[in-house]
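A.B. asks: Supplied structure: data_29.cif, mmCIF, C-alpha atoms.
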data_model
loop_
_atom_site.label_atom_id
_atom_site.label_comp_id
_atom_site.auth_asym_id
_atom_site.auth_seq_id
_atom_site.Cartn_x
_atom_site.Cartn_y
_atom_site.Cartn_z
CA MET H 60 6.32 17.79 -28.23
CA ILE H 61 6.31 13.98 -28.37
CA THR H 62 7.24 12.85 -31.88
CA SER H 63 8.73 9.41 -31.17
CA VAL H 64 8.65 6.49 -28.75
CA GLN H 65 11.89 7.77 -27.28
CA ASP H 66 10.34 11.20 -26.67
CA LEU H 67 7.44 9.51 -24.86
CA MET H 68 9.75 7.47 -22.65
CA ASN H 69 11.85 10.54 -21.87
CA ASP H 70 8.73 12.47 -20.82
CA ASN H 71 7.34 9.64 -18.70
CA THR H 72 8.27 8.63 -15.14
CA ILE H 73 7.70 5.10 -13.83
CA VAL H 74 6.65 5.35 -10.16
CA ALA H 75 6.76 2.32 -7.85
CA THR H 76 6.27 2.14 -4.09
CA ILE H 77 8.02 0.09 -1.43
CA ARG H 78 8.04 -0.47 2.32
CA ASN H 79 10.19 -2.93 4.24
CA ARG H 80 10.65 -5.38 1.37
CA ASP H 81 13.82 -6.85 -0.11
CA SER H 82 15.72 -4.57 -2.47
CA ASP H 83 15.96 -7.34 -5.07
CA ARG H 84 12.49 -6.26 -6.22
CA ILE H 85 13.90 -2.88 -7.23
CA ARG H 86 16.67 -4.59 -9.17
CA THR H 87 14.36 -6.96 -11.07
CA LEU H 88 11.93 -4.17 -11.98
CA ALA H 89 14.79 -2.05 -13.32
CA ALA H 90 16.32 -5.03 -15.15
CA SER H 91 13.00 -5.85 -16.85
CA CYS H 92 12.80 -2.26 -18.10
CA LYS H 93 16.34 -2.39 -19.45
CA ASP H 94 15.78 -5.79 -21.11
CA ASN H 95 12.79 -4.41 -23.01
CA GLY H 96 14.38 -1.14 -24.11
CA ILE H 97 12.43 1.02 -21.66
CA THR H 98 14.48 4.10 -20.83
CA SER H 99 11.98 6.13 -18.78
CA PRO H 100 13.28 7.36 -15.42
CA ILE H 101 12.21 5.11 -12.53
CA LEU H 102 11.23 6.68 -9.21
CA ILE H 103 11.07 4.54 -6.06
CA ALA H 104 8.79 6.03 -3.40
CA ASP H 105 9.69 4.70 0.06
CA PHE H 106 6.64 4.93 2.30
CA GLY H 107 8.29 4.87 5.72
CA SER H 108 10.61 1.86 5.64
CA TYR H 109 12.91 1.04 8.55
CA THR H 110 16.29 2.76 8.38
CA ASN H 111 18.19 -0.39 7.39
CA PHE H 112 15.86 -0.97 4.42
CA SER H 113 15.89 2.71 3.41
CA THR H 114 19.68 2.84 3.40
CA GLU H 115 19.79 -0.23 1.17
CA TYR H 116 17.14 1.15 -1.21
CA GLU H 117 18.97 4.45 -1.51
CA ASN H 118 22.24 2.67 -2.31
CA VAL H 119 20.61 0.39 -4.89
CA CYS H 120 18.87 3.32 -6.58
CA LYS H 121 22.11 5.27 -6.70
CA GLU H 122 23.88 2.26 -8.22
CA LEU H 123 21.19 1.76 -10.88
CA GLY H 124 20.61 5.43 -11.63
CA LEU H 125 17.07 5.48 -10.24
CA ILE H 126 15.35 8.27 -8.31
CA TYR H 127 14.79 7.54 -4.60
CA VAL H 128 12.47 9.54 -2.34
CA LYS H 129 11.23 8.79 1.17
CA THR H 130 8.46 10.02 3.42
CA GLU H 131 8.69 9.39 7.18
CA THR H 132 5.52 7.33 7.60
CA GLU H 133 7.02 4.49 9.64
CA GLY H 134 4.40 3.19 12.06
CA ARG H 135 1.51 4.71 10.11
CA PRO H 136 -1.06 2.66 8.14
CA TRP H 137 0.14 1.55 4.73
CA SER H 138 -1.59 3.42 1.91
CA ARG H 139 -0.49 2.64 -1.62
CA GLY H 140 -2.52 5.61 -2.82
CA GLN H 141 -0.70 8.02 -0.52
CA ALA H 142 2.63 6.42 -1.43
CA LEU H 143 1.97 6.84 -5.15
CA ASN H 144 0.71 10.39 -4.66
CA PHE H 145 3.94 11.18 -2.81
CA GLY H 146 6.06 9.71 -5.60
CA ILE H 147 4.04 11.40 -8.34
CA SER H 148 4.38 14.76 -6.57
CA ARG H 149 8.13 14.43 -7.19
CA THR H 150 7.78 13.99 -10.96
CA LYS H 151 7.91 16.67 -13.65
CA THR H 152 7.13 14.62 -16.77
CA ALA H 153 4.05 14.89 -19.00
CA TYR H 154 3.20 11.22 -18.39
CA ILE H 155 3.24 9.04 -15.31
CA THR H 156 3.28 5.25 -15.15
CA THR H 157 2.35 3.65 -11.84
CA THR H 158 3.37 0.10 -11.03
CA ASP H 159 4.67 -2.07 -8.16
CA VAL H 160 8.25 -3.04 -7.36
CA ASP H 161 7.33 -6.71 -7.69
CA MET H 162 6.16 -6.27 -11.31
CA LEU H 163 8.17 -7.30 -14.37
CA PHE H 164 7.89 -5.83 -17.86
CA ASP H 165 7.72 -8.42 -20.65
CA SER H 166 7.68 -6.01 -23.59
CA ASN H 167 7.81 -2.29 -24.32
CA PRO H 168 4.23 -0.98 -24.01
CA TYR H 169 5.29 2.55 -24.92
CA GLU H 170 5.77 1.47 -28.54
CA TRP H 171 2.02 0.81 -28.77
CA ILE H 172 1.01 3.75 -26.57
CA PHE H 173 2.91 6.18 -28.82
CA GLN H 174 0.83 5.07 -31.81
CA HIS H 175 -2.42 5.86 -29.92
CA ILE H 176 -1.33 8.74 -27.71
CA ARG H 177 -3.66 11.26 -29.35
CA GLU H 178 -6.70 9.02 -28.85
CA HIS H 179 -6.47 8.30 -25.11
CA ASN H 180 -5.23 9.82 -21.85
CA VAL H 181 -5.03 6.58 -19.83
CA PHE H 182 -3.50 3.23 -20.74
CA ALA H 183 -3.36 -0.08 -18.88
CA VAL H 184 -1.62 -3.42 -19.36
CA THR H 185 -2.99 -6.76 -18.17
CA SER H 186 -1.10 -8.30 -15.25
CA TYR H 187 -0.35 -11.99 -14.76
CA TRP H 188 0.39 -13.74 -11.47
CA LEU H 189 3.56 -15.79 -11.69
CA PRO H 190 3.72 -19.13 -9.82
CA LYS H 191 6.47 -19.75 -7.29
CA ASP H 192 8.79 -21.26 -9.92
CA GLY H 193 8.41 -18.17 -12.14
CA ASN H 194 7.10 -20.15 -15.13
CA LYS H 195 5.41 -17.56 -17.36
CA SER H 196 3.44 -20.23 -19.25
CA LYS H 197 1.61 -21.06 -16.01
CA ALA H 198 0.92 -17.44 -15.01
CA LYS H 199 -2.73 -16.56 -14.37
CA SER H 200 -4.33 -13.40 -15.70
CA ALA H 201 -5.48 -10.89 -13.09
CA GLY H 202 -8.16 -9.65 -15.49
CA LYS H 203 -9.35 -6.17 -16.35
CA SER H 204 -10.36 -5.32 -12.78
CA ALA H 205 -6.71 -5.36 -11.66
CA CYS H 206 -5.13 -2.37 -13.36
CA GLY H 207 -2.49 -1.57 -10.73
CA GLY H 208 0.31 -3.43 -12.49
CA PHE H 209 0.64 -0.77 -15.17
CA GLN H 210 -1.26 2.48 -15.62
CA CYS H 211 0.15 5.19 -17.87
CA ILE H 212 -1.65 8.49 -17.35
CA ARG H 213 -1.22 11.95 -18.75
CA SER H 214 -0.07 14.07 -15.76
CA SER H 215 -2.63 16.80 -16.44
CA THR H 216 -5.43 14.20 -16.40
CA PHE H 217 -4.19 12.78 -13.12
CA SER H 218 -4.08 16.22 -11.51
CA ALA H 219 -7.52 17.16 -12.82
CA ILE H 220 -9.31 14.31 -10.99
CA GLY H 221 -7.47 14.83 -7.70
CA THR H 222 -4.89 12.00 -7.50
CA TYR H 223 -5.38 8.62 -5.82
CA ASP H 224 -7.77 8.71 -2.88
CA PRO H 225 -5.51 9.07 0.22
CA GLN H 226 -8.30 7.79 2.49
CA ILE H 227 -8.00 4.26 1.08
CA LYS H 228 -5.56 2.66 3.50
CA TYR H 229 -3.90 -0.70 3.97
CA TRP H 230 -4.59 -2.78 0.83
CA GLY H 231 -6.86 -2.72 -2.12
CA MET H 232 -9.09 -0.85 -4.55
CA GLU H 233 -7.15 2.42 -4.93
CA ASP H 234 -6.48 1.47 -8.58
CA LEU H 235 -10.07 0.43 -9.27
CA ASP H 236 -11.29 3.61 -7.59
CA LEU H 237 -9.00 5.73 -9.77
CA THR H 238 -10.11 3.88 -12.91
CA GLN H 239 -13.79 4.41 -12.15
CA ARG H 240 -13.24 8.10 -11.41
CA LEU H 241 -11.34 8.49 -14.67
CA LYS H 242 -14.18 6.81 -16.54
CA ARG H 243 -16.78 9.05 -14.90
CA THR H 244 -14.84 12.14 -15.99
CA GLY H 245 -14.66 11.06 -19.61
CA ASN H 246 -11.28 9.29 -19.51
CA GLU H 247 -11.93 5.69 -20.50
CA VAL H 248 -8.98 3.39 -19.83
CA CYS H 249 -7.45 1.96 -22.99
CA TRP H 250 -6.23 -1.61 -22.46
CA LEU H 251 -3.28 -2.62 -24.59
CA PRO H 252 -3.52 -5.78 -26.74
CA GLU H 253 -2.92 -9.10 -24.97
CA GLU H 254 0.59 -9.49 -26.39
CA TYR H 255 1.63 -6.78 -23.94
CA LYS H 256 1.88 -8.25 -20.46
CA MET H 257 3.10 -7.40 -16.98
CA TYR H 258 4.10 -10.20 -14.61
CA HIS H 259 3.64 -10.08 -10.85
CA ARG H 260 6.44 -11.85 -8.97
CA TRP H 261 5.38 -14.55 -6.54
CA HIS H 262 5.87 -13.79 -2.86
CA PRO H 263 4.33 -15.17 0.36
CA GLN H 264 1.01 -13.69 1.38
CA ALA H 265 0.91 -11.60 4.55
CA GLU H 266 -1.12 -13.94 6.76
CA LYS H 267 -3.96 -14.01 4.22
CA GLY H 268 -4.57 -10.31 4.72
CA SER H 269 -4.99 -10.43 8.50
CA LEU H 270 -2.28 -7.78 8.97
CA ARG H 271 -4.85 -5.09 8.31
CA PRO H 272 -7.95 -4.12 10.27
CA ASP H 273 -11.14 -5.88 9.30
CA THR H 274 -12.82 -2.48 9.02
CA ALA H 275 -10.42 -1.42 6.24
CA ARG H 276 -12.74 -3.17 3.78
CA TYR H 277 -15.74 -1.15 4.93
CA ASP H 278 -13.77 2.11 4.97
CA THR H 279 -12.54 1.46 1.44
CA LEU H 280 -15.98 0.62 0.07
CA ARG H 281 -17.41 3.75 1.69
CA GLU H 282 -14.78 5.86 -0.11
CA TYR H 283 -15.35 3.98 -3.36
CA TYR H 284 -19.11 4.58 -3.33
CA ALA H 285 -18.73 8.22 -2.29
CA ASN H 286 -16.22 8.82 -5.09
CA ALA H 287 -18.66 7.36 -7.61
CA ASN H 288 -20.91 10.33 -6.84
CA SER H 289 -18.07 12.87 -6.69
CA PRO H 290 -15.24 11.55 -8.89
CA VAL H 291 -13.12 14.71 -8.75
CA LEU H 292 -11.33 14.82 -5.39
CA VAL H 293 -9.90 17.85 -3.67
CA THR H 294 -6.78 16.28 -2.18
CA PRO H 295 -3.37 17.65 -1.24
CA ARG H 296 -0.64 16.97 -3.75
CA GLU H 297 2.04 16.71 -1.07
CA TYR H 298 2.45 13.69 1.19
CA ALA H 299 6.00 14.15 2.39
CA LEU H 300 6.44 13.81 6.13
CA THR H 301 9.81 14.67 7.67
CA LYS H 302 11.29 13.55 10.98
CA HIS H 303 10.17 16.90 12.36
CA ASP H 304 6.57 15.91 11.56
CA ARG H 305 6.98 12.57 13.38
CA PRO H 306 8.18 13.28 16.95
CA ILE H 307 7.25 9.78 18.08
CA LEU H 308 10.11 8.40 15.97
CA ASN H 309 12.45 9.87 18.58
CA TYR H 310 11.09 7.26 20.99
CA VAL H 311 10.00 4.30 18.84
CA ARG H 312 11.84 2.79 15.88
CA GLN H 313 11.42 -0.52 14.08
CA ASN H 314 8.63 -1.63 16.44
CA ASN H 315 10.71 -1.11 19.59
CA LEU H 316 11.44 1.64 22.09
CA ALA H 317 14.44 3.65 20.92
CA SER H 318 15.09 5.97 23.88
CA ALA H 319 15.25 6.06 27.65
CA ARG H 320 11.77 7.54 27.82
CA LYS H 321 9.30 4.90 29.00
CA PRO H 322 5.59 5.06 28.23
CA VAL H 323 2.71 4.31 30.55
CA SER H 324 1.63 0.85 29.43
CA MET H 325 -1.72 -0.96 29.31
CA GLU H 326 -2.16 -4.56 28.19
CA PHE H 327 -5.28 -6.15 26.73
CA ALA H 328 -6.03 -9.88 26.69
CA HIS H 329 -6.94 -11.68 23.45
CA CYS H 330 -10.04 -10.06 21.87
CA LYS H 331 -10.76 -7.98 25.00
CA PHE H 332 -10.42 -4.43 23.67
CA ASP H 333 -14.21 -4.20 23.65
CA ASP H 334 -14.15 -4.37 27.46
CA CYS H 335 -15.87 -1.01 27.98
CA PHE H 336 -14.61 -0.52 31.54
CA LYS H 337 -10.96 -1.13 30.67
CA ALA H 338 -11.31 0.98 27.53
CA LEU H 339 -12.53 3.88 29.68
CA GLU H 340 -9.54 3.34 31.95
CA LEU H 341 -7.34 3.63 28.86
CA ILE H 342 -9.03 6.90 27.86
CA ASP H 343 -8.41 8.30 31.35
CA THR H 344 -4.76 7.21 31.10
CA CYS H 345 -4.45 9.07 27.80
CA LYS H 346 -5.74 12.23 29.50
CA THR H 347 -3.01 12.20 32.15
CA SER H 348 0.00 10.71 30.30
CA SER H 349 1.81 12.16 27.29
CA PHE H 350 3.37 8.87 26.14
CA VAL H 351 1.23 5.73 26.20
CA HIS H 352 1.81 2.15 25.07
CA ILE H 353 -1.11 -0.19 24.34
CA GLY H 354 -0.29 -3.90 24.24
CA LEU H 355 -2.88 -5.58 22.04
CA GLY H 356 -1.50 -9.12 22.14
CA LYS H 357 -0.58 -11.56 19.40
CA ARG H 358 -2.57 -11.11 16.19
CA HIS H 359 -2.92 -14.89 15.99
CA LYS H 360 -3.42 -16.86 19.18
CA PRO H 361 -0.57 -19.38 19.52
CA ALA H 362 -1.73 -22.97 18.97
CA PRO H 363 0.28 -26.24 19.00
CA LEU H 364 -1.11 -27.37 15.62
CA ALA H 365 -1.16 -23.96 13.93
CA SER H 366 1.03 -25.26 11.10
CA CYS H 367 -1.77 -27.68 10.16
CA ALA H 368 -4.44 -24.96 9.87
CA LYS H 369 -4.32 -24.76 6.07
CA PHE H 370 -4.69 -28.54 5.69
CA PHE H 371 -7.51 -28.64 8.25
CA LYS H 372 -9.46 -25.85 6.49
CA LYS H 373 -9.15 -27.65 3.16
CA ALA H 374 -10.27 -30.97 4.67
CA MET H 375 -13.27 -29.33 6.34
CA LYS H 376 -14.41 -27.43 3.25
CA PRO H 377 -16.94 -30.06 2.01
CA LEU H 378 -18.52 -30.27 5.47
CA CYS H 379 -18.67 -26.48 5.73
CA VAL H 380 -20.46 -26.28 2.38
CA LEU H 381 -23.04 -28.84 3.50
CA THR H 382 -23.64 -27.19 6.88
CA GLY H 383 -23.41 -23.55 5.82
CA THR H 384 -20.55 -22.86 8.22
CA ALA H 385 -16.98 -21.64 7.88
CA VAL H 386 -13.63 -22.38 9.52
CA ASN H 387 -11.55 -19.28 10.16
CA ILE H 388 -8.21 -18.50 11.77
CA ASN H 389 -8.55 -17.27 15.36
CA VAL H 390 -7.64 -13.61 14.82
CA ASN H 391 -7.21 -11.23 17.75
CA TYR H 392 -9.47 -8.27 16.94
CA ASN H 393 -8.05 -5.89 19.56
CA PHE H 394 -6.33 -3.82 16.89
CA ASP H 395 -9.51 -3.65 14.82
CA TYR H 396 -11.43 -2.17 17.78
CA PHE H 397 -8.63 0.31 18.47
CA TYR H 398 -8.27 1.40 14.85
CA ALA H 399 -12.00 1.78 14.13
CA SER H 400 -13.24 3.25 17.41
CA LEU H 401 -10.54 4.79 19.61
CA LEU H 402 -7.91 6.15 17.20
CA PRO H 403 -10.34 8.51 15.37
CA VAL H 404 -11.48 9.90 18.74
CA LEU H 405 -7.91 10.50 19.93
CA LEU H 406 -6.95 12.21 16.67
CA LYS H 407 -9.88 14.60 17.05
CA LYS H 408 -8.82 15.30 20.65
CA GLY H 409 -5.30 16.46 19.79
CA LEU H 410 -3.17 13.31 19.54
CA THR H 411 0.22 14.52 18.25
CA ASP H 412 1.55 11.31 16.75
CA TYR H 413 1.11 7.55 16.88
CA TYR H 414 3.03 4.42 15.94
CA ILE H 415 1.47 1.06 15.01
CA THR H 416 3.88 -1.88 14.99
CA GLU H 417 3.95 -3.84 11.76
CA ASN H 418 2.50 -6.96 13.39
CA LEU H 419 -0.44 -4.91 14.82
CA GLU H 420 0.39 -6.08 18.35
CA ASP H 421 1.43 -2.75 19.89
CA VAL H 422 0.45 0.90 19.55
CA TYR H 423 2.32 3.94 20.91
CA LEU H 424 0.59 7.29 21.42
CA LEU H 425 2.24 10.68 21.93
CA TRP H 426 0.94 14.08 23.03
CA GLU H 427 3.27 17.09 22.96
#
Could you express the structure from this file as structure tokens?
C.D. replies:
Amino acid sequence: MITSVQDLMNDNTIVATIRNRDSDRIRTLAASCKDNGITSPILIADFGSYTNFSTEYENVCKELGLIYVKTETEGRPWSRGQALNFGISRTKTAYITTTDVDMLFDSNPYEWIFQHIREHNVFAVTSYWLPKDGNKSKAKSAGKSACGGFQCIRSSTFSAIGTYDPQIKYWGMEDLDLTQRLKRTGNEVCWLPEEYKMYHRWHPQAEKGSLRPDTARYDTLREYYANANSPVLVTPREYALTKHDRPILNYVRQNNLASARKPVSMEFAHCKFDDCFKALELIDTCKTSSFVHIGLGKRHKPAPLASCAKFFKKAMKPLCVLTGTAVNINVNYNFDYFYASLLPVLLKKGLTDYYITENLEDVYLLWE
């Protein structure tokens, strides 16, 4: 029975996910908890980081007294929902708090939550985006639509609606989807007063989101709309993959070949994966070879003045508004075609395992 703030913190696990990011984020998250008197156990769910990162995370967690768990999803699409589900499956507490490793606590929200714990099953704290210099007075509110910085949920409530949607991959909307599903099952999110804040550390953007397939937006919206009609999901609680489940990791590691075994290789020119004849040649190659490499080319076509792109887009903005046009970065859509059209077909036809390099320039396929 929870009779105090300390009881609540003891029966609550803070779950954060990470993949191939600096371990300093783990340290600052843990330090912000300590500075604000938060004593809940912290679990770091590693969603398939490279070995050098994983070793460092494990050592840092051991040093700080945190829980570290890893699933072998290297080379698979990033899914924050799957990563959180994996971490949550390793908890045994009555409450779960989900957050990110680049978030910072600025107060102890559990003091307020304890006072209202009988009234609500789900609590959220407003997040603020810190500028590069870390000045909190200049931080911008992410608003009520961004609830991923802090969500404290009763474990039984989380289980009852079927966890985060594992089909939402790459970035975005898994938190909003969960919030809407909670609302539709009678679990309105209770937002803490504005004096309780979470701060999101500044970090460089990943090529303005181009390191994900363009179709990820459509896939996510399709899931979001479908879940609005059926908010209770029937999803597996377990997302742990071992090295035994990922045979391709015997041959590819950290975006490079890691063994003497050489794949049959096919290369595609910039934005040419929709060449139907060559795509059919690739399908025939997949039928006769058990290990295949697809070279998709640079995600961004090299250009001598690429460093000036941001300035050029800003300068052209008034003209674009007047003419109804837009200036966009020249993205190579080969990966988008592969991910949306060919990969689902291969998976249905018995593909054993696959590996997508982090820069989306190469894909390895394995049949065993």
A.B. asks: Specify as a CSV table (one decimal) with C-alpha atoms, in the coordinates of the input each residue included when the PyMOL selection byres ((chain H and resi 392) around 12) is applied to this file.
C.D. replies:
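In the end it all went to out_10.csv:
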chain,number,residue,atom,x,y,z
H,269,SER,CA,-5.0,-10.4,8.5
H,270,LEU,CA,-2.3,-7.8,9.0
H,271,ARG,CA,-4.8,-5.1,8.3
H,272,PRO,CA,-8.0,-4.1,10.3
H,273,ASP,CA,-11.1,-5.9,9.3
H,274,THR,CA,-12.8,-2.5,9.0
H,327,PHE,CA,-5.3,-6.2,26.7
H,328,ALA,CA,-6.0,-9.9,26.7
H,329,HIS,CA,-6.9,-11.7,23.4
H,330,CYS,CA,-10.0,-10.1,21.9
H,331,LYS,CA,-10.8,-8.0,25.0
H,332,PHE,CA,-10.4,-4.4,23.7
H,333,ASP,CA,-14.2,-4.2,23.6
H,355,LEU,CA,-2.9,-5.6,22.0
H,356,GLY,CA,-1.5,-9.1,22.1
H,357,LYS,CA,-0.6,-11.6,19.4
H,358,ARG,CA,-2.6,-11.1,16.2
H,359,HIS,CA,-2.9,-14.9,16.0
H,360,LYS,CA,-3.4,-16.9,19.2
H,388,ILE,CA,-8.2,-18.5,11.8
H,389,ASN,CA,-8.6,-17.3,15.4
H,390,VAL,CA,-7.6,-13.6,14.8
H,391,ASN,CA,-7.2,-11.2,17.8
H,393,ASN,CA,-8.0,-5.9,19.6
H,394,PHE,CA,-6.3,-3.8,16.9
H,395,ASP,CA,-9.5,-3.6,14.8
H,396,TYR,CA,-11.4,-2.2,17.8
H,397,PHE,CA,-8.6,0.3,18.5
H,398,TYR,CA,-8.3,1.4,14.8
H,399,ALA,CA,-12.0,1.8,14.1
H,419,LEU,CA,-0.4,-4.9,14.8
H,420,GLU,CA,0.4,-6.1,18.4
A.B. asks: Could you tell me how far CA of Ile61 (chain H) lies from CA of Ala153 (chain H), in Å and to one decimal?
C.D. replies: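 Computing the Euclidean distance for CA of Ile61 (chain H) and CA of Ala153 (chain H) yields 9.7 Å.
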A.B. asks: When the PyMOL selection byres ((chain H and resi 345) around 12) is applied to the file above, which residues end up in the set, as a ChimeraX atom specification?
C.D. replies: /H:322-325,338-344,346-353,401-402,404-406,408-411,423-426
A.B. asks: Hey, can you check how far CA of Cys379 (chain H) sits from CA of Cys367 (chain H)?
C.D. replies: 17.5 Å
A.B. asks: Show which residues sit within 10 Å of Arg243 (chain H), as a ChimeraX atom specification. Count only C-alpha atoms, and ignore same-chain residues fewer than 2 positions away.
C.D. replies: /H:220,237-241,245-247,286-291
A.B. asks: Written as a list of chain:residue names, what is the full residue list that the PyMOL selection byres ((chain H and resi 255) around 10) yields on the file shown?
C.D. replies: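 Given this file, the PyMOL selection byres ((chain H and resi 255) around 10) evaluates to H:Phe164, H:Asp165, H:Ser166, H:Asn167, H:Pro168, H:Trp171, H:Ala183, H:Val184, H:Thr185, H:Ser186, H:Trp250, H:Leu251, H:Pro252, H:Glu253, H:Glu254, H:Lys256, H:Met257.
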A.B. asks: Can I get the selected residues back with C-alpha atoms, as a tab-separated table (two decimals), in the frame of the given file?
C.D. replies:
chain	number	residue	atom	x	y	z
H	164	PHE	CA	7.89	-5.83	-17.86
H	165	ASP	CA	7.72	-8.42	-20.65
H	166	SER	CA	7.68	-6.01	-23.59
H	167	ASN	CA	7.81	-2.29	-24.32
H	168	PRO	CA	4.23	-0.98	-24.01
H	171	TRP	CA	2.02	0.81	-28.77
H	183	ALA	CA	-3.36	-0.08	-18.88
H	184	VAL	CA	-1.62	-3.42	-19.36
H	185	THR	CA	-2.99	-6.76	-18.17
H	186	SER	CA	-1.10	-8.30	-15.25
H	250	TRP	CA	-6.23	-1.61	-22.46
H	251	LEU	CA	-3.28	-2.62	-24.59
H	252	PRO	CA	-3.52	-5.78	-26.74
H	253	GLU	CA	-2.92	-9.10	-24.97
H	254	GLU	CA	0.59	-9.49	-26.39
H	256	LYS	CA	1.88	-8.25	-20.46
H	257	MET	CA	3.10	-7.40	-16.98
A.B. asks: Could you work out how far CA of Leu308 (chain H) lies from CA of Asp421 (chain H), giving the answer in Å with one decimal?
C.D. replies: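 We find that CA of Asp421 (chain H) and CA of Leu308 (chain H) lie 14.7 Å from each other.
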A.B. asks: Select, from H:Tyr169, H:Tyr284, H:Trp137, H:Tyr414, the residue with the minimum atom-to-atom distance to Asn315 (chain H), counting only C-alpha atoms.
C.D. replies: H:Tyr414
A.B. asks: Taking the structure in the block just given, could you write region 243-261 of chain H with N, CA and C atoms, as a PDB file, in the first residue's frame?
C.D. replies:
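Produced file out06.pdb, reproduced below:
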ATOM      1  N   ARG H 243      -9.650   7.283 -24.506  1.00  0.00           N
ATOM      2  CA  ARG H 243     -10.810   6.577 -25.051  1.00  0.00           C
ATOM      3  C   ARG H 243     -11.215   5.366 -24.207  1.00  0.00           C
ATOM      4  N   THR H 244     -10.360   4.992 -23.272  1.00  0.00           N
ATOM      5  CA  THR H 244     -10.707   3.892 -22.359  1.00  0.00           C
ATOM      6  C   THR H 244     -10.981   4.409 -20.944  1.00  0.00           C
ATOM      7  N   GLY H 245     -11.275   5.712 -20.863  1.00  0.00           N
ATOM      8  CA  GLY H 245     -11.681   6.288 -19.586  1.00  0.00           C
ATOM      9  C   GLY H 245     -10.555   6.698 -18.674  1.00  0.00           C
ATOM     10  N   ASN H 246      -9.338   6.859 -19.224  1.00  0.00           N
ATOM     11  CA  ASN H 246      -8.182   7.241 -18.404  1.00  0.00           C
ATOM     12  C   ASN H 246      -7.628   8.584 -18.880  1.00  0.00           C
ATOM     13  N   GLU H 247      -8.308   9.647 -18.492  1.00  0.00           N
ATOM     14  CA  GLU H 247      -7.887  10.992 -18.878  1.00  0.00           C
ATOM     15  C   GLU H 247      -6.533  11.309 -18.240  1.00  0.00           C
ATOM     16  N   VAL H 248      -5.645  11.905 -19.029  1.00  0.00           N
ATOM     17  CA  VAL H 248      -4.324  12.272 -18.515  1.00  0.00           C
ATOM     18  C   VAL H 248      -4.446  13.500 -17.625  1.00  0.00           C
ATOM     19  N   CYS H 249      -3.873  13.432 -16.449  1.00  0.00           N
ATOM     20  CA  CYS H 249      -3.858  14.560 -15.523  1.00  0.00           C
ATOM     21  C   CYS H 249      -2.523  15.293 -15.659  1.00  0.00           C
ATOM     22  N   TRP H 250      -2.583  16.541 -16.115  1.00  0.00           N
ATOM     23  CA  TRP H 250      -1.363  17.342 -16.265  1.00  0.00           C
ATOM     24  C   TRP H 250      -1.055  18.046 -14.954  1.00  0.00           C
ATOM     25  N   LEU H 251       0.171  17.932 -14.513  1.00  0.00           N
ATOM     26  CA  LEU H 251       0.582  18.581 -13.275  1.00  0.00           C
ATOM     27  C   LEU H 251       0.618  20.097 -13.464  1.00  0.00           C
ATOM     28  N   PRO H 252       0.511  20.866 -12.386  1.00  0.00           N
ATOM     29  CA  PRO H 252       0.586  22.326 -12.482  1.00  0.00           C
ATOM     30  C   PRO H 252       1.890  22.777 -13.148  1.00  0.00           C
ATOM     31  N   GLU H 253       1.868  24.000 -13.692  1.00  0.00           N
ATOM     32  CA  GLU H 253       2.989  24.497 -14.489  1.00  0.00           C
ATOM     33  C   GLU H 253       4.293  24.633 -13.704  1.00  0.00           C
ATOM     34  N   GLU H 254       4.217  24.697 -12.379  1.00  0.00           N
ATOM     35  CA  GLU H 254       5.479  24.806 -11.631  1.00  0.00           C
ATOM     36  C   GLU H 254       6.314  23.531 -11.721  1.00  0.00           C
ATOM     37  N   TYR H 255       5.683  22.446 -12.155  1.00  0.00           N
ATOM     38  CA  TYR H 255       6.423  21.198 -12.382  1.00  0.00           C
ATOM     39  C   TYR H 255       6.815  21.145 -13.855  1.00  0.00           C
ATOM     40  N   LYS H 256       8.094  21.038 -14.106  1.00  0.00           N
ATOM     41  CA  LYS H 256       8.598  21.086 -15.482  1.00  0.00           C
ATOM     42  C   LYS H 256       9.610  19.973 -15.726  1.00  0.00           C
ATOM     43  N   MET H 257       9.690  19.575 -16.993  1.00  0.00           N
ATOM     44  CA  MET H 257      10.767  18.716 -17.479  1.00  0.00           C
ATOM     45  C   MET H 257      11.478  19.488 -18.580  1.00  0.00           C
ATOM     46  N   TYR H 258      12.802  19.402 -18.608  1.00  0.00           N
ATOM     47  CA  TYR H 258      13.571  20.109 -19.635  1.00  0.00           C
ATOM     48  C   TYR H 258      14.230  19.116 -20.580  1.00  0.00           C
ATOM     49  N   HIS H 259      14.110  19.413 -21.867  1.00  0.00           N
ATOM     50  CA  HIS H 259      14.713  18.575 -22.909  1.00  0.00           C
ATOM     51  C   HIS H 259      16.050  19.190 -23.308  1.00  0.00           C
ATOM     52  N   ARG H 260      17.121  18.440 -23.116  1.00  0.00           N
ATOM     53  CA  ARG H 260      18.457  18.921 -23.470  1.00  0.00           C
ATOM     54  C   ARG H 260      18.569  19.190 -24.960  1.00  0.00           C
ATOM     55  N   TRP H 261      19.279  20.257 -25.293  1.00  0.00           N
ATOM     56  CA  TRP H 261      19.523  20.560 -26.706  1.00  0.00           C
ATOM     57  C   TRP H 261      20.494  19.539 -27.289  1.00  0.00           C
TER      58      TRP H 261
END
